[in-house]
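As stored in start15.tsv (TSV, C-alpha atoms (C1' of nucleotides)):
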```tsv
chain	number	residue	atom	x	y	z
A	417	MET	CA	204.24	38.91	8.43
A	418	ALA	CA	203.62	41.99	10.54
A	419	PHE	CA	204.62	45.38	9.17
A	420	ASP	CA	208.02	46.61	10.28
A	421	GLU	CA	208.72	50.33	10.60
A	422	GLU	CA	209.78	50.75	6.99
A	423	ALA	CA	206.72	48.89	5.75
A	424	LEU	CA	204.54	51.20	7.84
A	425	ASP	CA	206.35	54.18	6.32
A	426	ARG	CA	205.62	52.89	2.83
A	427	ALA	CA	202.01	51.99	3.57
A	428	PHE	CA	201.02	55.26	5.23
A	429	LEU	CA	202.93	57.30	2.66
A	430	ALA	CA	201.11	55.39	-0.07
A	431	LEU	CA	197.78	56.44	1.49
A	432	ALA	CA	198.89	60.08	1.80
A	433	ASP	CA	198.00	60.91	-1.80
A	434	PRO	CA	194.52	61.54	-3.21
A	435	VAL	CA	195.24	59.78	-6.51
A	436	ARG	CA	196.42	56.62	-4.74
A	437	ARG	CA	193.44	56.71	-2.38
A	438	ALA	CA	191.15	56.99	-5.42
A	439	LEU	CA	192.91	53.98	-6.96
A	440	ILE	CA	192.25	52.03	-3.78
A	441	ALA	CA	188.59	53.07	-3.82
A	442	ARG	CA	188.32	51.86	-7.42
A	443	LEU	CA	190.06	48.56	-6.66
A	444	SER	CA	187.75	47.87	-3.74
A	445	ARG	CA	185.04	47.34	-6.39
A	446	GLY	CA	187.16	44.79	-8.29
A	447	PRO	CA	190.46	44.25	-10.09
A	448	ALA	CA	191.52	46.59	-12.89
A	449	THR	CA	194.38	47.05	-15.35
A	450	VAL	CA	196.73	50.03	-15.46
A	451	ASN	CA	194.88	51.52	-18.44
A	452	GLU	CA	191.51	51.08	-16.76
A	453	LEU	CA	192.78	52.68	-13.58
A	454	ALA	CA	194.34	55.60	-15.43
A	455	GLU	CA	191.28	56.43	-17.50
A	456	PRO	CA	189.47	58.78	-15.04
A	457	PHE	CA	192.59	60.83	-14.22
A	458	PRO	CA	193.92	63.90	-16.04
A	459	ILE	CA	197.56	62.81	-15.59
A	460	THR	CA	199.75	60.61	-17.78
A	461	LEU	CA	199.65	56.83	-17.84
A	462	GLN	CA	203.25	56.81	-16.63
A	463	ALA	CA	202.32	58.78	-13.54
A	464	ILE	CA	199.52	56.32	-12.74
A	465	SER	CA	201.89	53.41	-13.40
A	466	ARG	CA	204.26	54.81	-10.81
A	467	HIS	CA	201.43	55.36	-8.29
A	468	ILE	CA	200.55	51.70	-8.77
A	469	SER	CA	204.17	50.72	-8.13
A	470	VAL	CA	204.06	52.70	-4.88
A	471	LEU	CA	200.90	50.88	-3.78
A	472	GLU	CA	202.42	47.54	-4.71
A	473	ALA	CA	205.72	48.25	-2.89
A	474	ALA	CA	203.63	49.19	0.14
A	475	GLY	CA	201.89	45.81	-0.02
A	476	LEU	CA	198.47	47.43	-0.40
A	477	ILE	CA	197.84	45.82	-3.78
A	478	THR	CA	198.99	42.70	-5.59
A	479	ARG	CA	199.33	42.13	-9.32
A	480	THR	CA	198.67	39.19	-11.57
A	481	ARG	CA	199.45	38.57	-15.23
A	482	ASP	CA	196.86	38.33	-18.01
A	483	GLY	CA	198.70	38.40	-21.33
A	484	GLN	CA	200.10	41.85	-21.76
A	485	ARG	CA	197.86	43.21	-19.00
A	486	ARG	CA	198.87	43.44	-15.35
A	487	PRO	CA	195.63	43.50	-13.35
A	488	CYS	CA	195.77	45.02	-9.85
A	489	HIS	CA	193.94	43.62	-6.84
A	490	LEU	CA	193.44	45.26	-3.46
A	491	ALA	CA	195.10	43.42	-0.52
A	492	PRO	CA	192.61	43.66	2.35
A	493	SER	CA	194.96	41.99	4.83
A	494	ALA	CA	197.45	44.85	4.47
A	495	LEU	CA	194.67	47.36	5.10
A	496	GLU	CA	193.67	45.33	8.13
A	497	GLN	CA	197.18	45.56	9.55
A	498	LEU	CA	197.10	49.33	9.24
A	499	THR	CA	193.81	49.63	11.09
A	500	SER	CA	195.24	47.32	13.76
A	501	TRP	CA	198.26	49.56	14.16
A	502	ILE	CA	196.09	52.66	14.55
A	503	ASP	CA	193.56	50.94	16.80
A	504	GLN	CA	196.08	49.78	19.37
A	505	TYR	CA	196.82	53.40	20.24
A	506	ARG	CA	193.30	54.71	19.76
A	507	LEU	CA	191.87	52.04	22.06
A	508	GLU	CA	194.57	52.56	24.67
A	509	THR	CA	193.79	56.28	24.71
A	510	GLU	CA	190.06	55.66	24.99
A	511	ARG	CA	190.62	53.22	27.88
A	512	ARG	CA	192.71	55.87	29.61
A	513	PHE	CA	189.97	58.47	29.09
A	514	ARG	CA	187.43	56.14	30.64
A	515	ARG	CA	189.67	55.55	33.66
A	516	ILE	CA	189.99	59.32	34.15
A	517	ASP	CA	186.24	59.80	33.83
A	518	ALA	CA	185.68	57.12	36.43
A	519	LEU	CA	188.18	58.76	38.75
A	520	LEU	CA	186.49	62.13	38.37
A	521	ASP	CA	183.14	60.54	39.15
A	522	THR	CA	184.62	59.06	42.34
A	523	VAL	CA	185.96	62.43	43.44
A	524	LYS	CA	182.57	64.00	42.75
A	525	GLU	CA	180.89	61.36	44.92
A	526	GLN	CA	183.20	62.09	47.82
A	527	ASP	CA	182.57	65.81	47.37
A	528	GLN	CA	178.87	65.46	48.04
B	568	MET	CA	183.55	66.98	10.75
B	569	ALA	CA	184.63	64.25	8.40
B	570	PHE	CA	188.08	64.37	6.88
B	571	ASP	CA	188.24	65.95	3.45
B	572	GLU	CA	190.91	64.89	0.96
B	573	GLU	CA	193.50	67.36	2.19
B	574	ALA	CA	192.92	66.36	5.79
B	575	LEU	CA	193.43	62.72	4.80
B	576	ASP	CA	196.65	63.73	3.03
B	577	ARG	CA	197.90	65.41	6.21
B	578	ALA	CA	196.81	62.61	8.52
B	579	PHE	CA	198.31	59.74	6.53
B	580	LEU	CA	201.46	61.73	5.80
B	581	ALA	CA	201.77	62.41	9.52
B	582	LEU	CA	201.67	58.65	10.18
B	583	ALA	CA	204.27	57.95	7.48
B	584	ASP	CA	207.23	58.74	9.73
B	585	PRO	CA	208.69	56.50	12.45
B	586	VAL	CA	209.39	59.39	14.82
B	587	ARG	CA	205.82	60.65	14.63
B	588	ARG	CA	204.45	57.13	15.07
B	589	ALA	CA	206.63	56.76	18.16
B	590	LEU	CA	205.27	60.06	19.48
B	591	ILE	CA	201.75	58.73	19.00
B	592	ALA	CA	202.67	55.52	20.82
B	593	ARG	CA	204.02	57.57	23.70
B	594	LEU	CA	200.97	59.83	23.83
B	595	SER	CA	198.63	56.86	23.92
B	596	ARG	CA	199.96	56.29	27.46
B	597	GLY	CA	199.15	59.87	28.50
B	598	PRO	CA	199.83	63.52	27.74
B	599	ALA	CA	203.39	64.84	27.55
B	600	THR	CA	205.25	68.08	26.93
B	601	VAL	CA	207.57	68.78	24.02
B	602	ASN	CA	210.65	68.26	26.18
B	603	GLU	CA	209.33	64.99	27.55
B	604	LEU	CA	208.48	63.77	24.08
B	605	ALA	CA	211.89	64.76	22.70
B	606	GLU	CA	213.91	63.09	25.42
B	607	PRO	CA	214.20	59.55	23.92
B	608	PHE	CA	215.18	60.78	20.43
B	609	PRO	CA	218.66	61.50	19.09
B	610	ILE	CA	217.46	64.52	17.07
B	611	THR	CA	217.13	68.14	18.10
B	612	LEU	CA	214.27	69.56	20.13
B	613	GLN	CA	213.37	71.78	17.19
B	614	ALA	CA	212.93	68.76	14.93
B	615	ILE	CA	210.60	67.16	17.49
B	616	SER	CA	208.72	70.45	17.85
B	617	ARG	CA	208.09	70.42	14.11
B	618	HIS	CA	206.99	66.78	14.16
B	619	ILE	CA	204.49	67.76	16.84
B	620	SER	CA	203.24	70.62	14.66
B	621	VAL	CA	202.70	68.15	11.84
B	622	LEU	CA	200.68	65.86	14.11
B	623	GLU	CA	198.64	68.81	15.37
B	624	ALA	CA	197.97	70.18	11.85
B	625	ALA	CA	196.82	66.67	10.92
B	626	GLY	CA	194.35	66.73	13.82
B	627	LEU	CA	195.92	63.64	15.39
B	628	ILE	CA	196.84	65.47	18.61
B	629	THR	CA	195.56	68.50	20.50
B	630	ARG	CA	197.50	70.84	22.75
B	631	THR	CA	196.70	72.62	25.97
B	632	ARG	CA	198.54	75.27	27.93
B	633	ASP	CA	200.19	74.75	31.33
B	634	GLY	CA	202.30	77.81	32.08
B	635	GLN	CA	205.21	77.74	29.71
B	636	ARG	CA	204.53	74.11	28.79
B	637	ARG	CA	202.35	72.99	25.89
B	638	PRO	CA	201.22	69.45	26.74
B	639	CYS	CA	200.16	67.22	23.85
B	640	HIS	CA	197.18	64.85	23.93
B	641	LEU	CA	196.30	62.14	21.45
B	642	ALA	CA	192.99	62.66	19.62
B	643	PRO	CA	191.40	59.21	19.38
B	644	SER	CA	188.48	60.43	17.27
B	645	ALA	CA	190.86	61.41	14.46
B	646	LEU	CA	192.46	57.97	14.59
B	647	GLU	CA	189.00	56.46	14.47
B	648	GLN	CA	188.18	58.38	11.30
B	649	LEU	CA	191.28	57.00	9.63
B	650	THR	CA	190.42	53.40	10.49
B	651	SER	CA	186.89	54.07	9.17
B	652	TRP	CA	188.31	55.34	5.89
B	653	ILE	CA	190.49	52.26	5.49
B	654	ASP	CA	187.81	49.83	6.64
B	655	GLN	CA	185.21	50.97	4.10
B	656	TYR	CA	187.44	49.67	1.29
B	657	ARG	CA	188.84	46.70	3.17
B	658	LEU	CA	185.34	45.48	4.05
B	659	GLU	CA	184.02	46.05	0.53
B	660	THR	CA	186.90	43.97	-0.84
B	661	GLU	CA	186.31	41.20	1.67
B	662	ARG	CA	182.59	41.13	0.83
B	663	ARG	CA	183.50	40.83	-2.84
B	664	PHE	CA	185.88	37.96	-2.09
B	665	ARG	CA	183.15	36.13	-0.22
B	666	ARG	CA	180.74	36.57	-3.13
B	667	ILE	CA	183.33	35.10	-5.49
B	668	ASP	CA	183.99	32.17	-3.16
B	669	ALA	CA	180.27	31.49	-2.99
B	670	LEU	CA	180.02	31.60	-6.77
B	671	LEU	CA	182.90	29.18	-7.14
B	672	ASP	CA	181.25	26.82	-4.67
B	673	THR	CA	178.07	26.94	-6.75
B	674	VAL	CA	179.95	26.08	-9.93
B	675	LYS	CA	181.67	23.21	-8.14
B	676	GLU	CA	178.29	21.86	-7.01
B	677	GLN	CA	176.97	21.86	-10.56
B	678	ASP	CA	180.12	20.13	-11.74
B	679	GLN	CA	179.56	17.09	-9.60
C	513	DG	C1'	207.41	38.98	-39.52
C	514	DC	C1'	205.14	43.43	-38.38
C	515	DC	C1'	202.37	46.77	-36.30
C	516	DT	C1'	199.51	47.81	-32.32
C	517	DT	C1'	198.58	47.80	-27.59
C	518	DG	C1'	199.75	47.60	-22.50
C	519	DA	C1'	203.03	48.84	-19.51
C	520	DT	C1'	207.52	50.28	-17.81
C	521	DC	C1'	212.14	52.68	-17.72
C	522	DA	C1'	215.12	56.87	-17.77
C	523	DA	C1'	216.13	61.56	-17.25
C	524	DC	C1'	214.67	65.89	-15.92
C	525	DT	C1'	211.98	69.68	-13.21
C	526	DG	C1'	209.64	71.85	-9.42
C	527	DA	C1'	207.67	71.19	-4.97
C	528	DT	C1'	207.84	69.36	-0.39
C	529	DG	C1'	209.94	67.03	3.77
C	530	DT	C1'	213.36	66.45	7.36
C	531	DG	C1'	217.09	67.69	9.55
C	532	DT	C1'	220.53	71.29	11.15
C	533	DT	C1'	222.11	75.83	13.64
C	534	DG	C1'	221.22	80.29	15.55
C	535	DA	C1'	218.01	83.67	17.12
C	536	DA	C1'	213.70	84.94	19.24
C	537	DT	C1'	209.61	84.66	22.29
C	538	DA	C1'	207.25	83.82	26.56
C	539	DT	C1'	206.55	82.27	31.09
C	540	DA	C1'	208.58	80.91	35.87
C	541	DG	C1'	210.98	81.81	39.81
C	542	DG	C1'	214.08	84.02	42.89
D	596	DC	C1'	214.14	93.01	37.33
D	597	DC	C1'	216.99	89.17	35.76
D	598	DT	C1'	217.97	84.75	34.55
D	599	DA	C1'	216.72	80.13	33.43
D	600	DT	C1'	213.50	77.13	31.10
D	601	DA	C1'	210.07	75.68	27.43
D	602	DT	C1'	209.09	76.33	22.98
D	603	DT	C1'	209.01	78.28	18.46
D	604	DC	C1'	210.74	80.88	14.29
D	605	DA	C1'	213.95	81.56	10.32
D	606	DA	C1'	217.15	80.24	7.04
D	607	DC	C1'	219.65	76.87	5.06
D	608	DA	C1'	221.17	71.94	3.02
D	609	DC	C1'	219.90	67.63	1.35
D	610	DA	C1'	216.82	64.02	0.05
D	611	DT	C1'	212.55	62.39	-1.76
D	612	DC	C1'	208.18	62.88	-4.41
D	613	DA	C1'	205.03	63.74	-8.25
D	614	DG	C1'	204.69	65.10	-12.52
D	615	DT	C1'	206.46	65.54	-17.47
D	616	DT	C1'	208.47	63.77	-22.18
D	617	DG	C1'	210.75	60.36	-24.93
D	618	DA	C1'	212.39	55.83	-25.42
D	619	DT	C1'	211.96	50.85	-24.55
D	620	DC	C1'	210.09	46.26	-23.69
D	621	DA	C1'	206.77	42.52	-24.17
D	622	DA	C1'	202.68	40.25	-25.73
D	623	DG	C1'	198.75	39.93	-29.32
D	624	DG	C1'	196.50	39.99	-33.74
D	625	DC	C1'	196.79	39.79	-38.47
```
Take the structure in the file and write it out as structure tokens.
Amino acid sequence: MAFDEEALDRAFLALADPVRRALIARLSRGPATVNELAEPFPITLQAISRHISVLEAAGLITRTRDGQRRPCHLAPSALEQLTSWIDQYRLETERRFRRIDALLDTVKEQDQ
Amino acid sequence: MAFDEEALDRAFLALADPVRRALIARLSRGPATVNELAEPFPITLQAISRHISVLEAAGLITRTRDGQRRPCHLAPSALEQLTSWIDQYRLETERRFRRIDALLDTVKEQDQ
DNA sequence: GCCTTGATCAACTGATGTGTTGAATATAGG
DNA sequence: CCTATATTCAACACATCAGTTGATCAAGGC
């Protein structure tokens, strides 16, 4: 289930916020409930709840049910798809740079 | 020069738009001017010019000068920093998953 | 049943993003 | 010089985002 354009929009937009990135950092160390996630932040629980919804809609986290709690879990496969998207262009550019360097070396050889 | 929080905001926000991602895809195949970049899109040149400014402010592209043209070049090192940011949390999560799997295997052994 | 706790929904505000049009700047080229 | 080309600036409209407060829903514990 590769990301379509709208899913990429949602995923990158989700990462474009320091609070949501901090939530991801926290979740990389293990699952947590909404209350646990909200605790370190100076903003309301409702604001954190909405940040979590954004991360979930972006596919970056999943949620389970534990009584009245809704624990959040990081979704590493979604993160992996984002790095793949970025890397395809980064690697293409780096390959191109290497080809240019090689060409310049060839010209320099002929110059001698 | 690692990305600080605001630089991450700008970089991920820059990627959270299909036009800007298409510009990056185009630039991965080589440098291009504003006019060249704008050509495939149904929006105004000014809108593309601003998208390019966003990419430049995010550090994802650099610009040179060629007479009246301002060619754009993709900056692979900035892309690399973004994948590094994502990967630190993805890899931590995957390590944690493996530890849990190993623990479950141990329990299963003892159960037999 | 009833109150508490965990979490979400709804409505509103202020800030920011994305597009437009029209004007301005700067370099190229005859 | 003068005009055409490449690009940007400025001002505006419209949509979306991030935060707030107040109300609501759902599950637990007694």
What does chain B look like once superposed on chain A, all Cα atoms paired in sequence order, least squares? Give it as a CSV table (one decimal) with C-alpha atoms, keeping the file's coordinate frame.
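superposed.csv, freshly written:
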```csv
chain,number,residue,atom,x,y,z
B,568,MET,CA,204.3,38.9,8.5
B,569,ALA,CA,203.7,42.0,10.6
B,570,PHE,CA,204.6,45.4,9.2
B,571,ASP,CA,208.0,46.6,10.3
B,572,GLU,CA,208.7,50.3,10.6
B,573,GLU,CA,209.8,50.7,7.0
B,574,ALA,CA,206.7,48.9,5.8
B,575,LEU,CA,204.5,51.2,7.8
B,576,ASP,CA,206.4,54.2,6.3
B,577,ARG,CA,205.6,52.9,2.8
B,578,ALA,CA,202.0,52.0,3.6
B,579,PHE,CA,201.0,55.2,5.2
B,580,LEU,CA,203.0,57.3,2.6
B,581,ALA,CA,201.1,55.4,-0.1
B,582,LEU,CA,197.8,56.4,1.5
B,583,ALA,CA,198.9,60.1,1.8
B,584,ASP,CA,198.0,60.9,-1.8
B,585,PRO,CA,194.5,61.5,-3.2
B,586,VAL,CA,195.2,59.7,-6.5
B,587,ARG,CA,196.4,56.6,-4.8
B,588,ARG,CA,193.4,56.7,-2.4
B,589,ALA,CA,191.2,57.0,-5.4
B,590,LEU,CA,192.9,54.0,-7.0
B,591,ILE,CA,192.3,52.0,-3.8
B,592,ALA,CA,188.6,53.1,-3.8
B,593,ARG,CA,188.3,51.8,-7.4
B,594,LEU,CA,190.1,48.5,-6.7
B,595,SER,CA,187.8,47.9,-3.7
B,596,ARG,CA,185.0,47.3,-6.4
B,597,GLY,CA,187.2,44.8,-8.3
B,598,PRO,CA,190.5,44.3,-10.1
B,599,ALA,CA,191.5,46.6,-12.9
B,600,THR,CA,194.4,47.1,-15.3
B,601,VAL,CA,196.7,50.1,-15.5
B,602,ASN,CA,194.8,51.5,-18.4
B,603,GLU,CA,191.5,51.1,-16.8
B,604,LEU,CA,192.8,52.7,-13.6
B,605,ALA,CA,194.3,55.6,-15.4
B,606,GLU,CA,191.3,56.5,-17.5
B,607,PRO,CA,189.5,58.8,-15.0
B,608,PHE,CA,192.6,60.9,-14.2
B,609,PRO,CA,193.9,63.9,-16.0
B,610,ILE,CA,197.6,62.8,-15.5
B,611,THR,CA,199.7,60.7,-17.7
B,612,LEU,CA,199.6,56.9,-17.8
B,613,GLN,CA,203.2,56.8,-16.7
B,614,ALA,CA,202.3,58.8,-13.5
B,615,ILE,CA,199.5,56.3,-12.7
B,616,SER,CA,201.9,53.4,-13.4
B,617,ARG,CA,204.2,54.8,-10.8
B,618,HIS,CA,201.4,55.4,-8.3
B,619,ILE,CA,200.5,51.7,-8.8
B,620,SER,CA,204.2,50.7,-8.1
B,621,VAL,CA,204.1,52.7,-4.9
B,622,LEU,CA,200.9,50.9,-3.8
B,623,GLU,CA,202.4,47.5,-4.7
B,624,ALA,CA,205.7,48.2,-2.9
B,625,ALA,CA,203.6,49.2,0.1
B,626,GLY,CA,201.9,45.8,0.0
B,627,LEU,CA,198.5,47.4,-0.4
B,628,ILE,CA,197.8,45.8,-3.8
B,629,THR,CA,199.0,42.7,-5.6
B,630,ARG,CA,199.3,42.1,-9.3
B,631,THR,CA,198.7,39.2,-11.6
B,632,ARG,CA,199.4,38.6,-15.3
B,633,ASP,CA,196.8,38.4,-18.1
B,634,GLY,CA,198.7,38.4,-21.4
B,635,GLN,CA,200.1,41.9,-21.8
B,636,ARG,CA,197.9,43.2,-19.0
B,637,ARG,CA,198.9,43.4,-15.4
B,638,PRO,CA,195.6,43.5,-13.4
B,639,CYS,CA,195.8,45.0,-9.9
B,640,HIS,CA,194.0,43.6,-6.8
B,641,LEU,CA,193.5,45.2,-3.5
B,642,ALA,CA,195.1,43.4,-0.5
B,643,PRO,CA,192.6,43.6,2.3
B,644,SER,CA,195.0,42.0,4.8
B,645,ALA,CA,197.5,44.8,4.5
B,646,LEU,CA,194.7,47.4,5.1
B,647,GLU,CA,193.7,45.3,8.1
B,648,GLN,CA,197.2,45.6,9.5
B,649,LEU,CA,197.1,49.3,9.2
B,650,THR,CA,193.8,49.6,11.1
B,651,SER,CA,195.3,47.3,13.8
B,652,TRP,CA,198.3,49.6,14.2
B,653,ILE,CA,196.1,52.6,14.6
B,654,ASP,CA,193.6,50.9,16.8
B,655,GLN,CA,196.1,49.8,19.4
B,656,TYR,CA,196.8,53.4,20.3
B,657,ARG,CA,193.3,54.7,19.8
B,658,LEU,CA,191.9,52.0,22.1
B,659,GLU,CA,194.6,52.6,24.7
B,660,THR,CA,193.8,56.3,24.7
B,661,GLU,CA,190.1,55.6,25.0
B,662,ARG,CA,190.7,53.2,27.9
B,663,ARG,CA,192.7,55.9,29.6
B,664,PHE,CA,190.0,58.5,29.1
B,665,ARG,CA,187.4,56.1,30.7
B,666,ARG,CA,189.7,55.6,33.7
B,667,ILE,CA,190.0,59.3,34.2
B,668,ASP,CA,186.2,59.8,33.8
B,669,ALA,CA,185.7,57.1,36.4
B,670,LEU,CA,188.2,58.8,38.8
B,671,LEU,CA,186.5,62.1,38.4
B,672,ASP,CA,183.1,60.5,39.2
B,673,THR,CA,184.6,59.1,42.3
B,674,VAL,CA,185.9,62.5,43.4
B,675,LYS,CA,182.5,64.0,42.7
B,676,GLU,CA,180.8,61.4,44.9
B,677,GLN,CA,183.1,62.1,47.8
B,678,ASP,CA,182.5,65.8,47.4
B,679,GLN,CA,178.8,65.5,48.0
```
Would you mind listing, for every residue of chain B within 10 Å of chain D, the two atoms forming the shortest contact and the distance between them in Å to one decimal, using all atoms listed in the file, sorted by chain and ascending residue number, as a tab-separated table?
```
residue	atom	partner	partner_atom	distance
B:Thr600	CA	D:DA601	C1'	9.0
B:Val601	CA	D:DT602	C1'	7.8
B:Asn602	CA	D:DA601	C1'	7.5
B:Leu612	CA	D:DT602	C1'	9.0
B:Gln613	CA	D:DT603	C1'	7.9
B:Ser616	CA	D:DT602	C1'	7.8
B:Arg617	CA	D:DT603	C1'	9.0
B:Gly634	CA	D:DA601	C1'	9.3
B:Gln635	CA	D:DA601	C1'	5.7
B:Arg636	CA	D:DA601	C1'	5.9
B:Arg637	CA	D:DT602	C1'	8.1
```
* To do: Measuring atom to atom with all atoms listed in the file, identify which of B:Gln648, B:Thr631, B:Thr611, B:Ser595 is nearest to chain C.
  =>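 Using all atoms listed in the file, the shortest distance to chain C belongs to B:Thr611.
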* Of the listed residues C:DC521, C:DT532, C:DG526, C:DT539, that which approaches chain A most closely, counting all atoms listed in the file ->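 Closest to chain A, using all atoms listed in the file: C:DC521.
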* Counting only C-alpha atoms (C1' of nucleotides), figure out which residue out of A:Val523, A:Ile468, A:Ala518, A:Leu498 gets nearest to chain C. =>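 Ranking A:Val523, A:Ile468, A:Ala518, A:Leu498 by distance to chain C, first place goes to A:Ile468.
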For range 459-465 of chain A, I'd like the enclosing box, axis-aligned and padded by 5 Å on every side, reported as JSON with centre and edge lengths in Å to one decimal.
```
{"center_x": 200.4, "center_y": 58.1, "center_z": -15.3, "size_x": 15.7, "size_y": 19.4, "size_z": 15.1}
```
Determine, counting only C-alpha atoms (C1' of nucleotides), which protein, DNA and RNA residues have an atom within 7 Å of an atom of His640 in chain B; residues of the same chain fewer than 5 positions away are not included. Present the result as a CSV table (one decimal) with C-alpha atoms, keeping the file's coordinate frame.
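Final output, saved to around_9.csv:
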```
chain,number,residue,atom,x,y,z
B,594,LEU,CA,201.0,59.8,23.8
B,598,PRO,CA,199.8,63.5,27.7
B,628,ILE,CA,196.8,65.5,18.6
B,629,THR,CA,195.6,68.5,20.5
B,630,ARG,CA,197.5,70.8,22.8
```
* Do a neighbour search on Ala427 in chain A at 8 Å with only C-alpha atoms (C1' of nucleotides), toss out local chain neighbours closer than 5 positions, and write the hits as a PyMOL selection string. => (chain A and resi 471+474-476+498) or (chain B and resi 583)
Closest contacts (chain C/chain B, max 8 Å, all atoms listed in the file) as a Markdown table:
```
| residue | atom | partner | partner_atom | distance |
| --- | --- | --- | --- | --- |
| C:DT530 | C1' | B:Ala614 | CA | 7.9 |
| C:DG531 | C1' | B:Ala614 | CA | 6.9 |
| C:DA538 | C1' | B:Gln635 | CA | 7.1 |
| C:DT539 | C1' | B:Gln635 | CA | 4.9 |
| C:DA540 | C1' | B:Gln635 | CA | 7.7 |
```
Expected answer as a CSV table (one decimal) with C-alpha atoms, in the coordinates of the input: chain B residues within 6 Å of chain A, all atoms listed in the file:
```csv
chain,number,residue,atom,x,y,z
B,576,ASP,CA,196.6,63.7,3.0
B,579,PHE,CA,198.3,59.7,6.5
B,580,LEU,CA,201.5,61.7,5.8
B,583,ALA,CA,204.3,58.0,7.5
B,584,ASP,CA,207.2,58.7,9.7
B,595,SER,CA,198.6,56.9,23.9
B,643,PRO,CA,191.4,59.2,19.4
B,650,THR,CA,190.4,53.4,10.5
B,656,TYR,CA,187.4,49.7,1.3
B,657,ARG,CA,188.8,46.7,3.2
B,659,GLU,CA,184.0,46.0,0.5
B,660,THR,CA,186.9,44.0,-0.8
```
* So what do you get for CA of Leu439 in chain A versus CA of Glu455 in chain A, distance-wise? ->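 About the pair CA of Leu439 in chain A and CA of Glu455 in chain A: they are 10.9 Å apart.
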* Quick one: pull the distance between CA of Arg481 in chain A and CA of Leu671 in chain B, Å, one decimal. =>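 Computing it gives 20.7 Å between the two atoms.
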* Atomic separation - CA of Leu453 in chain A relative to CA of Cys488 in chain A, Å ->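 Computing it gives 9.0 Å between the two atoms.
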